[in-house]
Amino acid sequence: MYGKEKNEDHEFDQVDVGFISFFSKLPPKRADTIRLFDRRDFFSAHGDDAMYIAMHVFRTQSVLKYLGSGGKASGLPSVTMSNNVATAFLRDALTALQLRIEIWTSEGGKKNTKFKLDREASPGNLQAVEDLLFINTDLLSAPIVMAVKIAGPSNAKSKTVGVAFADTSVREIGVSEFVDSDLFSNVESLVIQLSVKEAVIPMSSKSGNTDRDLELNKLKGVFERCGVVITERKQSDFSAKNIEQDLALLVKSEADVDITATIPELNSTSPASSALSALISYLSLLGDTSNHNAYTLKTHDLSQFMRLDASALRALGLVGDGTTAGKNTTLHGLLNKCKTGQGTRLLSRWLKQPLVNLHEIQKRLDLVQIFIHDSNMRRTLQDDFLRMMPDMHRISKRFQRSVATLEDVVRIYQAAQKLSGLIEALEAVETENVDHTRLVEEVYLVKLKVPEHSQNLEKYSEMVEQTLDLDELSSHNFVIKPDYDDKLRELANKLMEIRDGLDTEHRKVGRELSLELDKKLHLENSQQYGYCFRITKSDAKVLHDQEGSIELGTNKSGVYFTTRKLKDLAADYQEITDSYSRTQSGLVKEVVIIAGKYEVFAHVSVNAPEEYVRPKLLSKGGGSLILKNARHPLLEVQDDISFIPNDNEMIKAGPNMGGKSTYIRQVGVIALMAQTGCFVPCSEAQLPIFDSILCRVGAGDSQLKGVSTFMAEMLETATILKSATQDSLIIIDELGRGTSTYDGFGLAWAISEHIASQIHAFCLFATHFHELTALEQQIPHVKNLHVVAHVSKTGESTHDRDITLLYKVEPGICDQSFGIHVAELANFPESVVKLAKRKADELEDFGGEHEKEHSHPNEVIDEGSKLVEEILREWGQRCSASEQDGGDVIMDDDEKVEKDIAVLKECIGKYQNQIEGNPWIQSLLATL
């Protein structure tokens with residue numbers, strides 16, 4: 001992730017004691033904040049931050065140094081990083097790890113022990129580090145920060161929520177206002193739609209026990225579920241009294257136009273205005289004059305897009321879970337064939353904002369069909385034109401802030417040079433009908449051929465050609481033409497004269513030493529000595545008889561020397577070069593100021609293992625869902641997988657193993673892809689337009705946050721039941737596993753019956769409760785499906801069978817359980833499989849002869865149970881104590897298992913006589 005560079009041996013000089021004292025007095029920081037110290041040549045981190053970086057960047061604690069203890073581990077843990085490694089880590093911390101950062105710089109010289117806070121940044125606010133960390137790197141995800149204000153009584157079941165959001169990288173702010181339930185499901189949908197990285201909310205009261213505080217805690221739960229960083233601000237920041245003046249300064253607008261009057265959400269009493277005021281304050285937008293009259297303002301309507309929740313995001317594989325890597329492990333990774341940073345950001349937004357307007361979806365599908373039909377033109381657009389397009393949004397912002405470079409000027413120039421060819425290519429796209437030709441014209445050509453823009457770009461190109469030395473671009477040098485400025489021309493001529501003098505002196509010394517130029521006698525511009533001569537060590541003896549030669553030094557490359565004439569020329573060259581750079585620097589600012597005044601699905605659809613098909617979409621609530629030979633787009637592209645397609649028909653009016661989760665989730669993925677405007681992995685597809693996809697799949701424990709598996713799945717299910725409409729798609733996988741069997745079945749039955757009889761939404765419900773299949777007999781439109789498994793007997797026993805999972809879904813219920821056979825396929829230990837078979841037989845013969853044959857008196861069983869419990873308790877305590885005594889000794893998994901087994905044998909040996917005297921334990925051991 002951070003390259004091959006390892007922790008370098010940077011020194012802290014003799015400042016350990018002074019720095020440790022300074023570090024100990026620093027104000028406390030949040031747990032999610034990384035604090036780095038800029039030491040000019042490298043960066044350092046200390047304390048918990050050093051431990052974190054050692055493990056996440058260098059993957060070892062051996063890089064740690066301990067200050068103030070002579071290197072012993074009792075000192076302050078510290079780690080150093082080169083500038084390149086630190087920059088890469090900070091980028092990753094902000095964009096992937098969702099951490100905040102602080103960068104502290106020295107107040108004095110290199111050996112100074114006091115530092116000051118220089119820059120702060122968070123996932124939603126990158127302004128302070130944008131030019132430091134992202135100058136040469138595309139920003140692939142937008143840094144969206146959102147502020148939230150809740151209005152109305154805190155104990156009401158529904159409340160008005162005002163939201164403001166901003167993307168500072170493209171200078172865009174927006175507002176939204178809506179009614180929400182006490183579970184804040186609409187806030188969650190908005191967070192997903194906008195890809196929010198950070199949320200600003202009011203601080204809780206000092207007591208923390210008011211109804212409003214409880215409300216804020218629920219809101220925090222939503223943000224934590226979505227992986228959003230939370231920032232709390234004073235209640236006074238959420239005051240909208242100055243919002244009109246603030247927007248008048250920030251937002252581009254026509255003269256005499258009242259912005260707040262055109263947007264109903266922005267009246268002085270609305271919660272959206274309060275949220276926007278807090279957001280402007282948090283981002284300090286008014287303090288940067290380059291922001292004035294630079295922002296665009298928009299509103300966001302939740303109902304314009306399909307609603308998704310955090311569970312759906314994970315279940316459908318839109319984003320990674322942090323445990324897998326690779327472009328085909330998420331839907332975004334699979335579909336992302338974008339050649340530009342802004343294209344990647346747009347794709348991410350589209351996937352989280354699937355459309356619900358049938359007309360707009362059809363337009364996108366038409367465009368995909370156009371580029372599938374003309375494959376040559378599609379490749380030309382991608383490889384010859386889009387690949388050359390820079391991130392216009394971010395470069396434009398650098399021009400506005402007057403921090404752009406000559407490289408930025410050149411990249412815009414190169415894009416402008418490609419524009420005419422891009423327009424010609426789009427005009428030549430072969431379309432199937434007149435409507436498609438009009439669509440290409442409407443979506444692309446009308447915007448690209450605006451006369452005013454074309455004229456400005458022509459003038460821009462002329463300016464660049466007159467001022468920049470384009471011949472130097474092949475060497476990646478961005479310099480101004482000497483002829484552009486009289487002083488620059490004069491300095492360039494002097495440099496030329498000096499270069500001629502250098503060449504003359506080179507030839508003269510070569511003749512005097514009888515050394516061949518550039519083979520024996522080299523003229524070099526050394527970083528250490530400036531212009532000088534270099535010869536090999538074997539030729540160095542010629543210098544002994546040469547008057548006027550001045551030896552400079554020796555290394556493995558040879559002997560460096562100079563002459564009085566060369567020394568004078570080198571000094572003149574350095575002086576003129578510095579003057580040239582200073583003069584060009586001033587001209588660069590002038591050129592940049594002048595320049596600043598000019599201010600994707602088709603590829604994947606064709607190149608899948610089997611081609612995607614255009615889905616037939618029906619208006620909302622308009623019919624059945626029919627998928628023929630449907631495939632999961634992520635699984636079918638994995639290596640060593642031969643995907644088994646399945647049909648799915650849900651007529652408007654759960655499978656139980658070996659592929660059921662894939663089957664139900666792929667329906668959700670296909671629905672989302674269709675409403676995004678992408679072809680889908682089926683041979684035929686018809687779908688209604690869904691207003692939301694709501695999922696409850698495999699919630700894991702969140703016990704560190706005080707949320708158990710069962711509580712997590714109940715919270716998610718409650719949100720589904722409150723949010724779903726008859727136009728929703730509901731996906732539920734294995735509900736009720738987090739509690740007792742009877743409670744779990746009761747809840748699963750009640751929830752599935754409510755969805756089928758009250759909500760009437762399309763629902764795919766996978767369950768391990770076999771009894772739930774009886775619901776089909778009570779509600780006619782409920783249908784049972786199962787995944788086929790082929791079983792062949794290999795012996796007389798019921799369990800002596802071979803099983804082959806076919807991953808094919810067919811109507812009806814599963815008539816037998818294959819759990820033990822699946823365990824055998826997974827290479828469970830033989831003893832475990834035997835015990836499982838025995839217990840299964842006991843349950844099947846419950847109350848029969850099989851049970852009586854192995855029965856024991858209750859007192860014998862109680863005595864044996866207590867003995868087994870005592871042995872296991874002692875074993876656990878001894879294993880824990882052994883781990884603590886081991887200190888820093890690191891063992892692999894096999895070594896730990898062997899050690900634990902040895903301890904178990906010792907415990908059993910200790911109680912051997914009692915074990916042999918208990919018949920129940922003896923019968924238990926016999927099964928093993």
# chains A, B, ... in the order shown; residues from 1 in each chain; ligands from 1

$ select_by_dssp --residues "range 371-517 of chain A" --states "alpha helix (DSSP H)" --output "PyMOL selection string"
chain A and resi 371-373+375-380+392-400+406-427+434-440+446-448+451-467+486-513

$ residues_around --residues "Glu442 in chain A" --least-positions-apart "6" --cutoff "12 Å" --atoms "only C-alpha atoms" --output "MDAnalysis selection string"
chainID A and resid 363 367 426:427 435:436 448:449

$ atom_distance --atom1 "CA of Glu776 in chain A" --atom2 "CA of Met650 in chain A"
14.1 Å

$ closest_residue --among "A:Ile871, A:Ser169, A:Arg378, A:Pro919" --to "Lys905 in chain A" --atoms "only C-alpha atoms"
A:Ile871

$ closest_residue --among "A:Ile372, A:Ile103, A:Val57, A:Val606" --to "Thr33 in chain A" --atoms "only C-alpha atoms"
A:Ile103

$ residues_around --residues "Leu266 in chain A" --least-positions-apart "5" --cutoff "10 Å" --atoms "only C-alpha atoms" --output "mmCIF file with C-alpha atoms, in the first residue's frame"
data_model
loop_
_atom_site.group_PDB
_atom_site.id
_atom_site.type_symbol
_atom_site.label_atom_id
_atom_site.label_comp_id
_atom_site.auth_asym_id
_atom_site.auth_seq_id
_atom_site.Cartn_x
_atom_site.Cartn_y
_atom_site.Cartn_z
ATOM 1 C CA GLY A 162 -32.765 19.503 8.232
ATOM 2 C CA VAL A 175 -29.544 21.224 1.575
ATOM 3 C CA SER A 176 -32.374 18.804 2.190
ATOM 4 C CA GLU A 177 -35.330 18.720 4.575
ATOM 5 C CA ALA A 240 -29.409 30.534 11.095
ATOM 6 C CA ILE A 243 -27.424 32.569 6.748
ATOM 7 C CA GLU A 244 -28.593 35.068 4.108
ATOM 8 C CA ILE A 259 -30.948 32.909 -2.984
ATOM 9 C CA THR A 260 -32.917 31.988 0.123
ATOM 10 C CA ALA A 261 -36.183 33.050 -1.529
ATOM 11 C CA PRO A 271 -33.661 23.228 10.445
ATOM 12 C CA ALA A 272 -31.867 23.007 7.067
ATOM 13 C CA SER A 273 -30.744 26.640 7.439
ATOM 14 C CA SER A 274 -29.481 25.903 10.957
ATOM 15 C CA LEU A 276 -26.061 24.920 6.817
#

$ atom_distance --atom1 "CA of Val440 in chain A" --atom2 "CA of His603 in chain A"
17.2 Å

$ atom_distance --atom1 "CA of Thr262 in chain A" --atom2 "CA of Asp180 in chain A"
24.1 Å

$ residues_around --residues "Phe238 in chain A" --least-positions-apart "5" --cutoff "12 Å" --atoms "only C-alpha atoms" --output "number ranges by chain"
A: 147-151, 162-164, 200-203, 232-233, 243, 268-282
